[in-house]
Amino acid sequence: MATDAKIHPVVIYPFRQPGHYSDLEELYQLIARLDEDKDTYARPITVIDRKTHFAMEADKAFLDFRKNTVARHSDVLDAWCVDTCQMWCSGLGLAYEQGGPDDVYWLIPGDFNYGTAVGREVLGRLHDLPEICLELQQDLCIGEIATDHNNSKQLIDTYGTFALLYNWFPEEAQEIRQYTERPRSEFFAIRHSFLREVLRQRWYAYEQTVVMLLQAVFTNKHMSRFFVGNISDLPEGRESFSSALQQVERTERVLKSIWRERNQPKAGWTDQYRILETQSEQVRRTAMIILKNLLG
Amino acid sequence: MSAYGARRTLRGMNFICVAPQAQSVSLVGDFNKWNPAENPMKRMPDGAWLVMVELAHGHHRYAFLVDGNLTLDPRAQGVTRNDQGERVSLLPVS
């Protein structure tokens, strides 16, 4: 491991404040430990959407938690954000500006059930992601969460994300799937030089992990996947069909945009685009049918 | 390192490769410079192959060499590539 390299933890505070603080308290116990280990970690950053703050500004428990826990163990970045991916962009961007060429940036989503027994196990493994980047000189390390085949996220990725990837970027999709079954994972660590690359390109407002994975394959970056355990999103339970459909539509929009950006300079790109767009619509409709049957 | 990752100097790790039809299986990785002669695995009565290796704290890249073919460990905690660009398994040792 490079001796002067630092790991920059970036916590994405939940957009919707959970009713209890047990998960966040568990997470910030980890953040407190990271903050104490100044040889290894830079001062953690917590990104809080201003909408979250103003929705809770009359709530004493929230204000106390923010002041006594979040702000005590991390620098709070208050930002107006249109989506979680903009929170990522703001937080990782700030950390990048404070970092050096050997540093690694570690994204930690706040809206997971860290307070459960399994969640604690996951917290015990998350540190592996940035360490793998540092020790093995990896550009990107994706944290993968085990789910069963009927889990809604797994269904969305199988019938939506990967199906669309195979349409728009078939070779890259195969390469990505060699690493991960969760191309929309919110657990990852990224090296300084690769973060610089992705920050300076167009940052998409959604499905940014898919974008980073594609970019990593386009440019032959060193990637790893690491199993971080079993965990479910908060609130517990299956996602609705409409939410699943929205996620598939967003993935399609992102993939279309990336394809156009890469192929517009080529002559005759519009003909190929029309073919792919027609196929893409078929893929999306098929995903709709399957997700409707399973989640609707 | 984080308080969640305890350090030890060396830790014995068991590697198991289920390959009942194989004639020879070796463990290769960064820790033995990918040398198949370094850690040959022993065939067990159930057809699995076993070897114990002492490893230092950190993350190790490895694979099984099953009758000369580089093979991923299906029970590994991660996947990465070695210096030759081949997909290999990943093991954390804490």
# chains A, B, ... in the order shown; residues from 1 in each chain; ligands from 1
$ interface_residues --of "chain A" --to "chain B" --cutoff "9 Å" --atoms "only C-alpha atoms" --output "count of residues only"
30
$ select_by_dssp --residues "region 17-92 of chain B" --states "strand (DSSP E or B)" --output "PyMOL selection string"
chain B and resi 17-18+25-29+40+42-43+48-56+58-66+69-71+78-81+87-92
$ write_last_selection --atoms "N, CA and C atoms" --output "compact mmCIF listing (two decimals), in the first residue's frame"
# COMPACT_ATOMS: atom_id res chain seq x y z
N CYS B 17 -10.86 -26.86 -3.31
CA CYS B 17 -11.27 -26.86 -4.71
C CYS B 17 -11.99 -28.19 -4.99
N VAL B 18 -13.23 -28.10 -5.37
CA VAL B 18 -14.00 -29.32 -5.67
C VAL B 18 -13.78 -29.68 -7.14
N VAL B 25 -4.12 -30.60 -8.79
CA VAL B 25 -4.62 -29.24 -8.52
C VAL B 25 -3.58 -28.52 -7.66
N SER B 26 -3.29 -27.28 -8.05
CA SER B 26 -2.37 -26.46 -7.27
C SER B 26 -3.03 -25.12 -6.96
N LEU B 27 -2.56 -24.53 -5.87
CA LEU B 27 -3.00 -23.18 -5.53
C LEU B 27 -1.92 -22.22 -6.02
N VAL B 28 -2.34 -21.24 -6.81
CA VAL B 28 -1.39 -20.23 -7.29
C VAL B 28 -1.91 -18.84 -6.91
N GLY B 29 -1.00 -17.92 -6.67
CA GLY B 29 -1.42 -16.58 -6.30
C GLY B 29 -0.23 -15.65 -6.15
N PRO B 40 1.02 -27.35 -3.98
CA PRO B 40 0.16 -28.39 -4.55
C PRO B 40 -0.94 -28.74 -3.56
N LYS B 42 -3.92 -31.28 -1.87
CA LYS B 42 -4.02 -32.71 -1.57
C LYS B 42 -5.45 -33.18 -1.82
N ARG B 43 -5.56 -34.28 -2.51
CA ARG B 43 -6.89 -34.83 -2.80
C ARG B 43 -7.48 -35.47 -1.54
N ALA B 48 -12.67 -33.52 -3.14
CA ALA B 48 -12.22 -32.13 -3.08
C ALA B 48 -10.71 -32.08 -2.84
N TRP B 49 -10.09 -30.96 -3.17
CA TRP B 49 -8.65 -30.79 -3.00
C TRP B 49 -8.43 -29.70 -1.96
N LEU B 50 -7.44 -29.92 -1.09
CA LEU B 50 -7.27 -29.03 0.06
C LEU B 50 -5.80 -28.65 0.24
N VAL B 51 -5.61 -27.38 0.63
CA VAL B 51 -4.28 -26.95 1.07
C VAL B 51 -4.46 -25.83 2.08
N MET B 52 -3.57 -25.78 3.06
CA MET B 52 -3.59 -24.67 4.02
C MET B 52 -2.34 -23.83 3.80
N VAL B 53 -2.55 -22.53 3.70
CA VAL B 53 -1.43 -21.62 3.45
C VAL B 53 -1.49 -20.50 4.48
N GLU B 54 -0.35 -20.10 4.99
CA GLU B 54 -0.31 -18.98 5.92
C GLU B 54 -0.14 -17.69 5.13
N LEU B 55 -1.06 -16.77 5.37
CA LEU B 55 -1.05 -15.53 4.59
C LEU B 55 -1.01 -14.32 5.51
N ALA B 56 -0.40 -13.25 5.02
CA ALA B 56 -0.32 -12.01 5.78
C ALA B 56 -1.62 -11.23 5.64
N GLY B 58 -4.17 -8.55 4.55
CA GLY B 58 -4.31 -7.84 3.28
C GLY B 58 -5.20 -8.60 2.32
N HIS B 59 -5.16 -8.21 1.06
CA HIS B 59 -6.00 -8.82 0.02
C HIS B 59 -5.11 -9.57 -0.96
N HIS B 60 -5.47 -10.80 -1.20
CA HIS B 60 -4.62 -11.68 -2.01
C HIS B 60 -5.35 -12.16 -3.27
N ARG B 61 -4.65 -12.11 -4.38
CA ARG B 61 -5.20 -12.66 -5.64
C ARG B 61 -4.74 -14.10 -5.76
N TYR B 62 -5.66 -14.97 -6.18
CA TYR B 62 -5.29 -16.38 -6.28
C TYR B 62 -6.22 -17.09 -7.26
N ALA B 63 -5.86 -18.30 -7.59
CA ALA B 63 -6.71 -19.16 -8.43
C ALA B 63 -6.27 -20.61 -8.21
N PHE B 64 -7.07 -21.54 -8.69
CA PHE B 64 -6.68 -22.95 -8.69
C PHE B 64 -6.18 -23.31 -10.08
N LEU B 65 -5.13 -24.09 -10.12
CA LEU B 65 -4.66 -24.61 -11.41
C LEU B 65 -5.10 -26.07 -11.47
N VAL B 66 -6.20 -26.30 -12.17
CA VAL B 66 -6.79 -27.64 -12.24
C VAL B 66 -6.35 -28.30 -13.55
N ASN B 69 -5.29 -25.82 -15.93
CA ASN B 69 -6.21 -24.74 -16.31
C ASN B 69 -6.49 -23.82 -15.11
N LEU B 70 -6.29 -22.51 -15.34
CA LEU B 70 -6.55 -21.54 -14.30
C LEU B 70 -8.06 -21.49 -14.02
N THR B 71 -8.44 -21.70 -12.77
CA THR B 71 -9.86 -21.84 -12.43
C THR B 71 -10.20 -20.94 -11.24
N GLY B 78 -14.30 -12.33 -3.85
CA GLY B 78 -14.20 -11.30 -4.88
C GLY B 78 -13.55 -11.81 -6.14
N VAL B 79 -13.61 -10.98 -7.17
CA VAL B 79 -13.00 -11.31 -8.46
C VAL B 79 -12.20 -10.10 -8.93
N THR B 80 -11.02 -10.37 -9.50
CA THR B 80 -10.20 -9.30 -10.05
C THR B 80 -9.39 -9.91 -11.21
N ARG B 81 -8.36 -9.25 -11.65
CA ARG B 81 -7.49 -9.82 -12.69
C ARG B 81 -6.05 -9.84 -12.18
N ARG B 87 -8.78 -13.47 -15.26
CA ARG B 87 -9.68 -13.31 -14.11
C ARG B 87 -9.26 -14.28 -13.01
N VAL B 88 -9.10 -13.74 -11.81
CA VAL B 88 -8.70 -14.56 -10.67
C VAL B 88 -9.55 -14.19 -9.46
N SER B 89 -9.41 -14.97 -8.41
CA SER B 89 -10.21 -14.76 -7.21
C SER B 89 -9.50 -13.85 -6.22
N LEU B 90 -10.28 -13.37 -5.27
CA LEU B 90 -9.79 -12.40 -4.30
C LEU B 90 -10.10 -12.88 -2.89
N LEU B 91 -9.10 -12.81 -2.03
CA LEU B 91 -9.29 -13.25 -0.64
C LEU B 91 -8.82 -12.16 0.32
N PRO B 92 -9.70 -11.73 1.25
CA PRO B 92 -9.23 -10.81 2.28
C PRO B 92 -8.73 -11.59 3.49
$ atom_distance --atom1 "CA of Asn220 (chain A)" --atom2 "CA of Gln174 (chain A)"
13.8 Å
$ atom_distance --atom1 "CA of Gly19 (chain A)" --atom2 "CA of Gly119 (chain A)"
17.4 Å
